[in-house]
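The next block holds one structure in the form of structure tokens; read it before the comments.
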Amino acid sequence: MSVHKEIKRITTHILQEMKNRGEKIAMLTSYDFSMARVVDEGGVDVILVGDSASMVMAGHETTLPITLDQMIYHAASVIRATKRALVVVDLPFGSYQGNSKEALNSAIRIMKESGAHAVKLEGGTEIVESIQRIIAAGIPVMGHLGLTPQSIYKFGTYTVRAKEEAEAQKLKEDILALQNAGCFSVVLEKIPAALAKEVTESVLIPTIGIGAGGSCDGQVLVINDMIGLTKGFTPRFLRQYLDLFTEINGAVKSYVSDVKSGDFPNDKEQY
């Protein structure tokens with residue numbers, strides 16, 4: 001039986017139960033109150049307040065410019081709309097890479113000021129100390145391996161990661177390190193499906209895939225991409241369920257036409 005009829009609020013413990021029983025985990029991003037309310041009522045298990053807000057909400061080329069204060073603002077807006085989903089918030093670039101004390105302080109700010117339920121960090125063994133320190137303070141941590149967008153200038157491309165044996169082996173070591181450090185889940189982004197299947201079966205904690213095939217314990221997409229608000233972005237892993245850019249654009253054109261012609265407002269639309 002699905003957890004949907006059994007519980008009122010998804011927790012990290014529930015996600016672990018879902019992996020154990022073979023029930024897939026559905027995760028989407030949200031960045032504001034209105035969208036988060038729709039997503040939460042739609043039955044999504046996890047809402048990620050992603051640093052992808054830097055691109056889809058603010059128009060930046062990468063995730064790097066968004067600040068901790070801005071992430072807290074987005075997260076607090078999402079929390080106010082969410083009644084069921086677990087809300088995970090990205091620690092943005094520059095807020096945790098310096099040292100574990102900085103990482104802990106950033107995570108504490110997100111939890112206290114937004115009311116979020118967990119944080120997400122990109123990286124493997126190099127950030128284990130920070131993860132351990134955050135978890136020791138009672139804050140759940142989701143990991144993120146494979147294509148890590150905060151490292152885009154190191155990679156130089158958004159192409160598939162871990163295709164070569166050395167990088168694949170490093171990912172296998174990293175996910176075990178994250179599990180041992182106490183992460184409750186790990187996002188696997190843009191890695192070969194066979195590798196994602198192998199590591200998913202090798203760890204006890206849930207894996208959440210994006211461009212990592214169907215063997216992960218769950219899937220995540222950026223909501224703006226999934227509903228077609230992001231024009232012209234069509235990677236192989238994206239299934240677009242709506243074309244809202246076209247729909248909203250048509251509505252705006254109709255509104256402009258009605259205002260220009262004097263048709264709006266009509267007699268029934270005024271006091």
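Following the order of the structure tokens, chains are lettered A, B, ..., residues in each are numbered from 1, and ligands are numbered from 1.
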Query raised in the report: Which residues, written as a VMD selection string, have at least one atom at most 7 Å from Arg9 (chain A), with only C-alpha atoms counted and residues fewer than 3 positions away on the same chain left out?
Result: chain A and resid 83 to 85
For the selection just defined, write its residues with C-alpha atoms to a file, as a PDB file, in the first residue's frame.
ATOM      1  CA  LYS A  83       1.446  20.330   4.671  1.00  0.00           C
ATOM      2  CA  ARG A  84       2.562  16.863   3.563  1.00  0.00           C
ATOM      3  CA  ALA A  85       5.878  16.766   1.711  1.00  0.00           C
TER       4      ALA A  85
END
Report task. With a distance cut-off of 8 Å and only C-alpha atoms, select the neighbouring residues of Leu121 (chain A), excluding the residue or stretch itself and same-chain residues fewer than 4 positions from it, and output the selection as a list in words. Result ->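 Once the nearby chain positions are removed, what remains is Asp90, Leu91, Val141, Met142, Gly143 and His144 of chain A.
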Query raised in the report: Skipping near chain neighbours, those fewer than 3 positions away, what residues fall within 8 Å of Thr62 (chain A) using only C-alpha atoms, listed as a list in words?
Result: Ser52, Ser54, Met55, Pro65, Pro149, Gln150 and Ile152 of chain A
Save out the residues we just selected, N, CA and C atoms, as a short mmCIF file (atom, residue, chain, number, x, y, z; two decimals), in the first residue's frame.
data_model
loop_
_atom_site.label_atom_id
_atom_site.label_comp_id
_atom_site.auth_asym_id
_atom_site.auth_seq_id
_atom_site.Cartn_x
_atom_site.Cartn_y
_atom_site.Cartn_z
N SER A 52 18.68 25.69 -8.06
CA SER A 52 18.26 25.92 -9.44
C SER A 52 17.38 27.16 -9.55
N SER A 54 18.32 29.91 -8.87
CA SER A 54 19.23 30.90 -9.44
C SER A 54 19.03 31.04 -10.94
N MET A 55 18.70 29.93 -11.59
CA MET A 55 18.53 29.92 -13.04
C MET A 55 17.07 30.15 -13.43
N PRO A 65 25.35 32.07 -8.36
CA PRO A 65 25.14 33.39 -7.75
C PRO A 65 24.17 33.43 -6.57
N PRO A 149 26.01 20.66 -10.13
CA PRO A 149 26.00 21.93 -10.87
C PRO A 149 26.84 23.04 -10.24
N GLN A 150 27.05 22.99 -8.91
CA GLN A 150 27.89 24.03 -8.30
C GLN A 150 29.35 23.92 -8.75
N ILE A 152 30.22 23.37 -11.93
CA ILE A 152 30.14 23.42 -13.39
C ILE A 152 31.41 23.97 -14.03
#
So that each row is one residue of region 186-211 of chain A with an atom at most 9 Å from region 16-27 of chain A, can you give its shortest atom pair and the distance in Å to one decimal, using only C-alpha atoms, rows by chain and rising number, as a Markdown table?
| residue | atom | partner | partner_atom | distance |
| --- | --- | --- | --- | --- |
| A:Leu204 | CA | A:Gln16 | CA | 8.4 |
| A:Ile205 | CA | A:Gln16 | CA | 6.4 |
| A:Pro206 | CA | A:Lys19 | CA | 5.8 |
| A:Thr207 | CA | A:Lys19 | CA | 8.7 |
| A:Ile208 | CA | A:Ile25 | CA | 7.5 |
With N, CA and C atoms kept, could you save the residues just selected as an mmCIF file, in the first residue's frame?
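Contents of the output file result_31.cif:
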data_model
loop_
_atom_site.group_PDB
_atom_site.id
_atom_site.type_symbol
_atom_site.label_atom_id
_atom_site.label_comp_id
_atom_site.auth_asym_id
_atom_site.auth_seq_id
_atom_site.Cartn_x
_atom_site.Cartn_y
_atom_site.Cartn_z
ATOM 1 N N LEU A 204 22.022 1.217 1.525
ATOM 2 C CA LEU A 204 20.789 1.013 2.278
ATOM 3 C C LEU A 204 19.847 2.199 2.159
ATOM 4 N N ILE A 205 20.401 3.394 1.916
ATOM 5 C CA ILE A 205 19.593 4.609 1.889
ATOM 6 C C ILE A 205 19.012 4.847 0.496
ATOM 7 N N PRO A 206 17.905 5.602 0.395
ATOM 8 C CA PRO A 206 17.286 5.853 -0.911
ATOM 9 C C PRO A 206 18.147 6.716 -1.832
ATOM 10 N N THR A 207 18.107 6.392 -3.114
ATOM 11 C CA THR A 207 18.722 7.241 -4.134
ATOM 12 C C THR A 207 17.611 7.917 -4.935
ATOM 13 N N ILE A 208 17.848 9.175 -5.285
ATOM 14 C CA ILE A 208 16.888 9.952 -6.079
ATOM 15 C C ILE A 208 17.580 10.342 -7.378
#
Report task. Considering only C-alpha atoms, state which residue in the set A:Asp217, A:Glu126, A:Asp258, A:Glu102 is at the smallest distance from Glu198 (chain A). Result ->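 Looking at the shortest contact to Glu198 (chain A), the residue is A:Asp217.
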**Report entry** Contacts of region 103-111 of chain A within 10 Å, only C-alpha atoms, excl. fewer than 3 positions in-chain, as a PyMOL selection string
**Finding:** chain A and resi 68-69+71-73+75-76+88-92+94-100+114-121+127+129-141
I want to know what sits within 10 Å of region 37-42 of chain A, based on only C-alpha atoms, with residues of the same chain fewer than 3 positions away left out; could you give that as a PDB file with N, CA and C atoms, in the first residue's frame?
ATOM      1  N   MET A  27       9.805  13.352  -6.234  1.00  0.00           N
ATOM      2  CA  MET A  27      10.379  14.606  -5.736  1.00  0.00           C
ATOM      3  C   MET A  27      10.356  15.646  -6.851  1.00  0.00           C
ATOM      4  N   LEU A  28       9.961  16.866  -6.512  1.00  0.00           N
ATOM      5  CA  LEU A  28       9.981  17.992  -7.439  1.00  0.00           C
ATOM      6  C   LEU A  28      10.523  19.217  -6.723  1.00  0.00           C
ATOM      7  N   THR A  29      11.012  20.179  -7.497  1.00  0.00           N
ATOM      8  CA  THR A  29      11.437  21.442  -6.904  1.00  0.00           C
ATOM      9  C   THR A  29      10.244  22.387  -6.773  1.00  0.00           C
ATOM     10  N   SER A  30      10.363  23.325  -5.861  1.00  0.00           N
ATOM     11  CA  SER A  30       9.457  24.474  -5.763  1.00  0.00           C
ATOM     12  C   SER A  30      10.240  25.610  -5.140  1.00  0.00           C
ATOM     13  N   ASP A  32       8.339  28.918  -4.462  1.00  0.00           N
ATOM     14  CA  ASP A  32       7.426  29.945  -3.971  1.00  0.00           C
ATOM     15  C   ASP A  32       6.170  29.297  -3.405  1.00  0.00           C
ATOM     16  N   PHE A  33       5.381  30.089  -2.693  1.00  0.00           N
ATOM     17  CA  PHE A  33       4.196  29.606  -1.988  1.00  0.00           C
ATOM     18  C   PHE A  33       3.178  28.980  -2.932  1.00  0.00           C
ATOM     19  N   SER A  34       2.836  29.678  -4.004  1.00  0.00           N
ATOM     20  CA  SER A  34       1.764  29.221  -4.889  1.00  0.00           C
ATOM     21  C   SER A  34       2.104  27.889  -5.549  1.00  0.00           C
ATOM     22  N   ASP A  45       6.230  13.484  -2.646  1.00  0.00           N
ATOM     23  CA  ASP A  45       6.768  13.069  -1.357  1.00  0.00           C
ATOM     24  C   ASP A  45       7.796  14.048  -0.804  1.00  0.00           C
ATOM     25  N   VAL A  46       8.633  14.579  -1.677  1.00  0.00           N
ATOM     26  CA  VAL A  46       9.698  15.493  -1.270  1.00  0.00           C
ATOM     27  C   VAL A  46       9.679  16.720  -2.166  1.00  0.00           C
ATOM     28  N   ILE A  47       9.746  17.893  -1.558  1.00  0.00           N
ATOM     29  CA  ILE A  47       9.915  19.140  -2.299  1.00  0.00           C
ATOM     30  C   ILE A  47      11.339  19.621  -2.064  1.00  0.00           C
ATOM     31  N   SER A  77       9.016  30.520   1.977  1.00  0.00           N
ATOM     32  CA  SER A  77       7.801  30.623   1.171  1.00  0.00           C
ATOM     33  C   SER A  77       7.215  29.248   0.896  1.00  0.00           C
ATOM     34  N   VAL A  78       8.075  28.289   0.595  1.00  0.00           N
ATOM     35  CA  VAL A  78       7.631  26.919   0.309  1.00  0.00           C
ATOM     36  C   VAL A  78       7.067  26.263   1.568  1.00  0.00           C
ATOM     37  N   ILE A  79       7.741  26.436   2.674  1.00  0.00           N
ATOM     38  CA  ILE A  79       7.298  25.824   3.935  1.00  0.00           C
ATOM     39  C   ILE A  79       5.896  26.281   4.308  1.00  0.00           C
ATOM     40  N   ARG A  80       5.601  27.553   4.095  1.00  0.00           N
ATOM     41  CA  ARG A  80       4.277  28.073   4.457  1.00  0.00           C
ATOM     42  C   ARG A  80       3.157  27.425   3.649  1.00  0.00           C
ATOM     43  N   ALA A  81       3.490  26.822   2.508  1.00  0.00           N
ATOM     44  CA  ALA A  81       2.472  26.213   1.650  1.00  0.00           C
ATOM     45  C   ALA A  81       2.373  24.702   1.822  1.00  0.00           C
ATOM     46  N   THR A  82       3.338  24.110   2.523  1.00  0.00           N
ATOM     47  CA  THR A  82       3.492  22.655   2.508  1.00  0.00           C
ATOM     48  C   THR A  82       2.929  22.009   3.760  1.00  0.00           C
ATOM     49  N   LYS A  83       2.054  21.045   3.549  1.00  0.00           N
ATOM     50  CA  LYS A  83       1.446  20.330   4.671  1.00  0.00           C
ATOM     51  C   LYS A  83       1.874  18.870   4.738  1.00  0.00           C
ATOM     52  N   ARG A  84       2.295  18.294   3.615  1.00  0.00           N
ATOM     53  CA  ARG A  84       2.562  16.863   3.563  1.00  0.00           C
ATOM     54  C   ARG A  84       3.999  16.500   3.205  1.00  0.00           C
ATOM     55  N   ALA A  85       4.570  17.149   2.228  1.00  0.00           N
ATOM     56  CA  ALA A  85       5.878  16.766   1.711  1.00  0.00           C
ATOM     57  C   ALA A  85       7.010  17.111   2.676  1.00  0.00           C
ATOM     58  N   LEU A  86       8.075  16.335   2.598  1.00  0.00           N
ATOM     59  CA  LEU A  86       9.330  16.668   3.260  1.00  0.00           C
ATOM     60  C   LEU A  86      10.000  17.761   2.439  1.00  0.00           C
ATOM     61  N   VAL A  87      10.421  18.844   3.080  1.00  0.00           N
ATOM     62  CA  VAL A  87      11.040  19.969   2.364  1.00  0.00           C
ATOM     63  C   VAL A  87      12.546  19.977   2.617  1.00  0.00           C
ATOM     64  N   ILE A 223      10.533  21.702 -11.413  1.00  0.00           N
ATOM     65  CA  ILE A 223       9.113  21.889 -11.727  1.00  0.00           C
ATOM     66  C   ILE A 223       8.924  22.764 -12.965  1.00  0.00           C
TER      67      ILE A 223
END
Report task. Could you give me the residues within region 157-253 of chain A that DSSP places in strand (DSSP E), as a ChimeraX atom specification? Result -> /A:185-189,207-210,218-221
Can you list every residue in region 41-216 of chain A that DSSP puts in alpha helix (DSSP H), as an mmCIF file with N, CA and C atoms, in the first residue's frame?
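result-v1.cif written:
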data_model
loop_
_atom_site.group_PDB
_atom_site.id
_atom_site.type_symbol
_atom_site.label_atom_id
_atom_site.label_comp_id
_atom_site.auth_asym_id
_atom_site.auth_seq_id
_atom_site.Cartn_x
_atom_site.Cartn_y
_atom_site.Cartn_z
ATOM 1 N N GLU A 41 -0.132 19.470 -2.753
ATOM 2 C CA GLU A 41 -1.459 18.870 -2.860
ATOM 3 C C GLU A 41 -1.517 17.811 -3.962
ATOM 4 N N ALA A 53 16.891 27.657 -8.409
ATOM 5 C CA ALA A 53 16.171 28.935 -8.397
ATOM 6 C C ALA A 53 17.020 30.049 -8.998
ATOM 7 N N SER A 54 18.318 29.910 -8.871
ATOM 8 C CA SER A 54 19.233 30.904 -9.439
ATOM 9 C C SER A 54 19.027 31.036 -10.937
ATOM 10 N N MET A 55 18.701 29.925 -11.589
ATOM 11 C CA MET A 55 18.526 29.921 -13.037
ATOM 12 C C MET A 55 17.072 30.147 -13.434
ATOM 13 N N VAL A 56 16.148 29.345 -12.879
ATOM 14 C CA VAL A 56 14.769 29.390 -13.363
ATOM 15 C C VAL A 56 13.963 30.545 -12.781
ATOM 16 N N LEU A 68 22.743 32.567 0.437
ATOM 17 C CA LEU A 68 22.083 31.871 1.540
ATOM 18 C C LEU A 68 20.805 32.604 1.941
ATOM 19 N N ASP A 69 20.856 33.921 1.997
ATOM 20 C CA ASP A 69 19.658 34.699 2.343
ATOM 21 C C ASP A 69 18.535 34.456 1.340
ATOM 22 N N GLN A 70 18.879 34.390 0.066
ATOM 23 C CA GLN A 70 17.864 34.152 -0.957
ATOM 24 C C GLN A 70 17.286 32.746 -0.857
ATOM 25 N N MET A 71 18.120 31.760 -0.565
ATOM 26 C CA MET A 71 17.630 30.390 -0.384
ATOM 27 C C MET A 71 16.681 30.310 0.808
ATOM 28 N N ILE A 72 16.990 31.015 1.868
ATOM 29 C CA ILE A 72 16.119 31.030 3.047
ATOM 30 C C ILE A 72 14.775 31.663 2.699
ATOM 31 N N TYR A 73 14.789 32.739 1.920
ATOM 32 C CA TYR A 73 13.554 33.385 1.485
ATOM 33 C C TYR A 73 12.667 32.422 0.703
ATOM 34 N N HIS A 74 13.266 31.748 -0.278
ATOM 35 C CA HIS A 74 12.503 30.780 -1.080
ATOM 36 C C HIS A 74 11.988 29.640 -0.205
ATOM 37 N N ALA A 75 12.844 29.134 0.677
ATOM 38 C CA ALA A 75 12.471 27.993 1.513
ATOM 39 C C ALA A 75 11.326 28.344 2.455
ATOM 40 N N ALA A 76 11.373 29.512 3.050
ATOM 41 C CA ALA A 76 10.307 29.926 3.962
ATOM 42 C C ALA A 76 8.980 30.045 3.215
ATOM 43 N N SER A 77 9.016 30.520 1.977
ATOM 44 C CA SER A 77 7.801 30.623 1.171
ATOM 45 C C SER A 77 7.215 29.248 0.896
ATOM 46 N N VAL A 78 8.075 28.289 0.595
ATOM 47 C CA VAL A 78 7.631 26.919 0.309
ATOM 48 C C VAL A 78 7.067 26.263 1.568
ATOM 49 N N ILE A 79 7.741 26.436 2.674
ATOM 50 C CA ILE A 79 7.298 25.824 3.935
ATOM 51 C C ILE A 79 5.896 26.281 4.308
ATOM 52 N N ARG A 80 5.601 27.553 4.095
ATOM 53 C CA ARG A 80 4.277 28.073 4.457
ATOM 54 C C ARG A 80 3.157 27.425 3.649
ATOM 55 N N ALA A 81 3.490 26.822 2.508
ATOM 56 C CA ALA A 81 2.472 26.213 1.650
ATOM 57 C C ALA A 81 2.373 24.702 1.822
ATOM 58 N N SER A 100 33.800 23.014 7.999
ATOM 59 C CA SER A 100 32.623 22.371 8.569
ATOM 60 C C SER A 100 31.849 23.297 9.496
ATOM 61 N N LYS A 101 32.548 24.235 10.137
ATOM 62 C CA LYS A 101 31.858 25.184 11.016
ATOM 63 C C LYS A 101 30.952 26.102 10.201
ATOM 64 N N GLU A 102 31.456 26.565 9.061
ATOM 65 C CA GLU A 102 30.661 27.405 8.165
ATOM 66 C C GLU A 102 29.458 26.622 7.645
ATOM 67 N N ALA A 103 29.686 25.367 7.296
ATOM 68 C CA ALA A 103 28.601 24.514 6.808
ATOM 69 C C ALA A 103 27.512 24.364 7.865
ATOM 70 N N LEU A 104 27.921 24.112 9.101
ATOM 71 C CA LEU A 104 26.953 23.954 10.184
ATOM 72 C C LEU A 104 26.170 25.241 10.406
ATOM 73 N N ASN A 105 26.856 26.365 10.425
ATOM 74 C CA ASN A 105 26.168 27.641 10.637
ATOM 75 C C ASN A 105 25.157 27.924 9.527
ATOM 76 N N SER A 106 25.512 27.584 8.288
ATOM 77 C CA SER A 106 24.593 27.788 7.161
ATOM 78 C C SER A 106 23.371 26.895 7.295
ATOM 79 N N ALA A 107 23.596 25.640 7.657
ATOM 80 C CA ALA A 107 22.488 24.698 7.811
ATOM 81 C C ALA A 107 21.565 25.125 8.946
ATOM 82 N N ILE A 108 22.141 25.593 10.029
ATOM 83 C CA ILE A 108 21.334 26.052 11.170
ATOM 84 C C ILE A 108 20.475 27.243 10.763
ATOM 85 N N ARG A 109 21.044 28.166 10.006
ATOM 86 C CA ARG A 109 20.271 29.326 9.559
ATOM 87 C C ARG A 109 19.075 28.898 8.712
ATOM 88 N N ILE A 110 19.306 27.967 7.791
ATOM 89 C CA ILE A 110 18.213 27.492 6.937
ATOM 90 C C ILE A 110 17.111 26.871 7.785
ATOM 91 N N MET A 111 17.472 26.021 8.720
ATOM 92 C CA MET A 111 16.474 25.328 9.537
ATOM 93 C C MET A 111 15.714 26.297 10.434
ATOM 94 N N LYS A 112 16.424 27.213 11.083
ATOM 95 C CA LYS A 112 15.789 28.145 12.022
ATOM 96 C C LYS A 112 14.946 29.201 11.316
ATOM 97 N N GLU A 113 15.460 29.743 10.218
ATOM 98 C CA GLU A 113 14.818 30.890 9.594
ATOM 99 C C GLU A 113 13.769 30.524 8.548
ATOM 100 N N SER A 114 13.823 29.292 8.035
ATOM 101 C CA SER A 114 12.835 28.888 7.032
ATOM 102 C C SER A 114 11.854 27.855 7.552
ATOM 103 N N VAL A 128 32.544 15.187 3.843
ATOM 104 C CA VAL A 128 32.031 14.275 4.876
ATOM 105 C C VAL A 128 32.099 14.914 6.258
ATOM 106 N N GLU A 129 33.171 15.614 6.546
ATOM 107 C CA GLU A 129 33.297 16.252 7.865
ATOM 108 C C GLU A 129 32.154 17.243 8.108
ATOM 109 N N SER A 130 31.818 18.002 7.080
ATOM 110 C CA SER A 130 30.723 18.971 7.213
ATOM 111 C C SER A 130 29.392 18.251 7.427
ATOM 112 N N ILE A 131 29.174 17.179 6.668
ATOM 113 C CA ILE A 131 27.939 16.405 6.812
ATOM 114 C C ILE A 131 27.808 15.859 8.229
ATOM 115 N N GLN A 132 28.880 15.285 8.730
ATOM 116 C CA GLN A 132 28.852 14.712 10.081
ATOM 117 C C GLN A 132 28.543 15.779 11.121
ATOM 118 N N ARG A 133 29.111 16.953 10.947
ATOM 119 C CA ARG A 133 28.895 18.028 11.911
ATOM 120 C C ARG A 133 27.450 18.523 11.873
ATOM 121 N N ILE A 134 26.897 18.618 10.673
ATOM 122 C CA ILE A 134 25.508 19.061 10.524
ATOM 123 C C ILE A 134 24.556 18.027 11.135
ATOM 124 N N ILE A 135 24.789 16.757 10.828
ATOM 125 C CA ILE A 135 23.930 15.697 11.352
ATOM 126 C C ILE A 135 24.038 15.608 12.869
ATOM 127 N N ALA A 136 25.248 15.820 13.411
ATOM 128 C CA ALA A 136 25.444 15.793 14.856
ATOM 129 C C ALA A 136 24.619 16.865 15.558
ATOM 130 N N ILE A 152 30.224 23.371 -11.931
ATOM 131 C CA ILE A 152 30.136 23.423 -13.387
ATOM 132 C C ILE A 152 31.406 23.970 -14.030
ATOM 133 N N TYR A 153 32.064 24.933 -13.379
ATOM 134 C CA TYR A 153 33.259 25.495 -13.999
ATOM 135 C C TYR A 153 34.449 24.547 -13.901
ATOM 136 N N LYS A 154 34.405 23.625 -12.936
ATOM 137 C CA LYS A 154 35.430 22.583 -12.878
ATOM 138 C C LYS A 154 35.187 21.553 -13.972
ATOM 139 N N PHE A 155 33.914 21.144 -14.136
ATOM 140 C CA PHE A 155 33.584 20.172 -15.178
ATOM 141 C C PHE A 155 33.665 20.788 -16.571
ATOM 142 N N GLU A 165 35.787 4.667 -15.920
ATOM 143 C CA GLU A 165 35.887 3.767 -14.765
ATOM 144 C C GLU A 165 36.379 4.482 -13.506
ATOM 145 N N ALA A 166 37.357 5.373 -13.656
ATOM 146 C CA ALA A 166 37.926 6.044 -12.483
ATOM 147 C C ALA A 166 36.880 6.908 -11.779
ATOM 148 N N GLU A 167 36.114 7.656 -12.558
ATOM 149 C CA GLU A 167 35.096 8.513 -11.959
ATOM 150 C C GLU A 167 33.944 7.691 -11.398
ATOM 151 N N ALA A 168 33.614 6.591 -12.069
ATOM 152 C CA ALA A 168 32.565 5.708 -11.571
ATOM 153 C C ALA A 168 32.974 5.096 -10.234
ATOM 154 N N GLN A 169 34.229 4.690 -10.129
ATOM 155 C CA GLN A 169 34.725 4.111 -8.877
ATOM 156 C C GLN A 169 34.706 5.138 -7.762
ATOM 157 N N LYS A 170 35.069 6.370 -8.098
ATOM 158 C CA LYS A 170 35.034 7.455 -7.106
ATOM 159 C C LYS A 170 33.611 7.677 -6.613
ATOM 160 N N LEU A 171 32.632 7.628 -7.518
ATOM 161 C CA LEU A 171 31.230 7.808 -7.126
ATOM 162 C C LEU A 171 30.780 6.690 -6.191
ATOM 163 N N LYS A 172 31.203 5.451 -6.488
ATOM 164 C CA LYS A 172 30.845 4.327 -5.618
ATOM 165 C C LYS A 172 31.413 4.525 -4.213
ATOM 166 N N GLU A 173 32.633 4.999 -4.139
ATOM 167 C CA GLU A 173 33.253 5.255 -2.842
ATOM 168 C C GLU A 173 32.560 6.415 -2.133
ATOM 169 N N ASP A 174 32.201 7.437 -2.909
ATOM 170 C CA ASP A 174 31.557 8.619 -2.322
ATOM 171 C C ASP A 174 30.199 8.290 -1.722
ATOM 172 N N ILE A 175 29.391 7.499 -2.422
ATOM 173 C CA ILE A 175 28.045 7.236 -1.913
ATOM 174 C C ILE A 175 28.105 6.405 -0.629
ATOM 175 N N LEU A 176 29.073 5.511 -0.542
ATOM 176 C CA LEU A 176 29.249 4.760 0.702
ATOM 177 C C LEU A 176 29.698 5.678 1.833
ATOM 178 N N ALA A 177 30.570 6.635 1.497
ATOM 179 C CA ALA A 177 31.031 7.593 2.497
ATOM 180 C C ALA A 177 29.875 8.464 2.998
ATOM 181 N N LEU A 178 28.988 8.865 2.075
ATOM 182 C CA LEU A 178 27.846 9.683 2.475
ATOM 183 C C LEU A 178 26.880 8.879 3.338
ATOM 184 N N GLN A 179 26.667 7.614 2.969
ATOM 185 C CA GLN A 179 25.809 6.763 3.782
ATOM 186 C C GLN A 179 26.392 6.579 5.179
ATOM 187 N N ASN A 180 27.693 6.312 5.242
ATOM 188 C CA ASN A 180 28.339 6.093 6.531
ATOM 189 C C ASN A 180 28.376 7.362 7.379
ATOM 190 N N ALA A 181 28.396 8.509 6.711
ATOM 191 C CA ALA A 181 28.388 9.780 7.437
ATOM 192 C C ALA A 181 27.020 10.092 8.026
ATOM 193 N N ALA A 193 22.760 4.845 -16.428
ATOM 194 C CA ALA A 193 21.702 4.119 -15.726
ATOM 195 C C ALA A 193 22.230 2.845 -15.067
ATOM 196 N N ALA A 194 23.153 2.178 -15.721
ATOM 197 C CA ALA A 194 23.708 0.946 -15.154
ATOM 198 C C ALA A 194 24.465 1.224 -13.864
ATOM 199 N N LEU A 195 25.205 2.307 -13.833
ATOM 200 C CA LEU A 195 25.932 2.687 -12.623
ATOM 201 C C LEU A 195 24.966 3.069 -11.507
ATOM 202 N N ALA A 196 23.926 3.827 -11.860
ATOM 203 C CA ALA A 196 22.923 4.218 -10.863
ATOM 204 C C ALA A 196 22.248 2.996 -10.258
ATOM 205 N N LYS A 197 21.963 2.006 -11.092
ATOM 206 C CA LYS A 197 21.356 0.766 -10.605
ATOM 207 C C LYS A 197 22.299 0.054 -9.644
ATOM 208 N N GLU A 198 23.561 -0.013 -10.004
ATOM 209 C CA GLU A 198 24.547 -0.696 -9.173
ATOM 210 C C GLU A 198 24.679 -0.031 -7.800
ATOM 211 N N VAL A 199 24.799 1.290 -7.781
ATOM 212 C CA VAL A 199 25.003 1.948 -6.489
ATOM 213 C C VAL A 199 23.715 1.964 -5.669
ATOM 214 N N THR A 200 22.569 2.037 -6.335
ATOM 215 C CA THR A 200 21.294 1.989 -5.614
ATOM 216 C C THR A 200 21.144 0.666 -4.884
ATOM 217 N N GLU A 201 21.569 -0.397 -5.538
ATOM 218 C CA GLU A 201 21.476 -1.727 -4.929
ATOM 219 C C GLU A 201 22.554 -1.968 -3.877
ATOM 220 N N SER A 202 23.602 -1.127 -3.893
ATOM 221 C CA SER A 202 24.725 -1.336 -2.979
ATOM 222 C C SER A 202 24.585 -0.576 -1.668
#
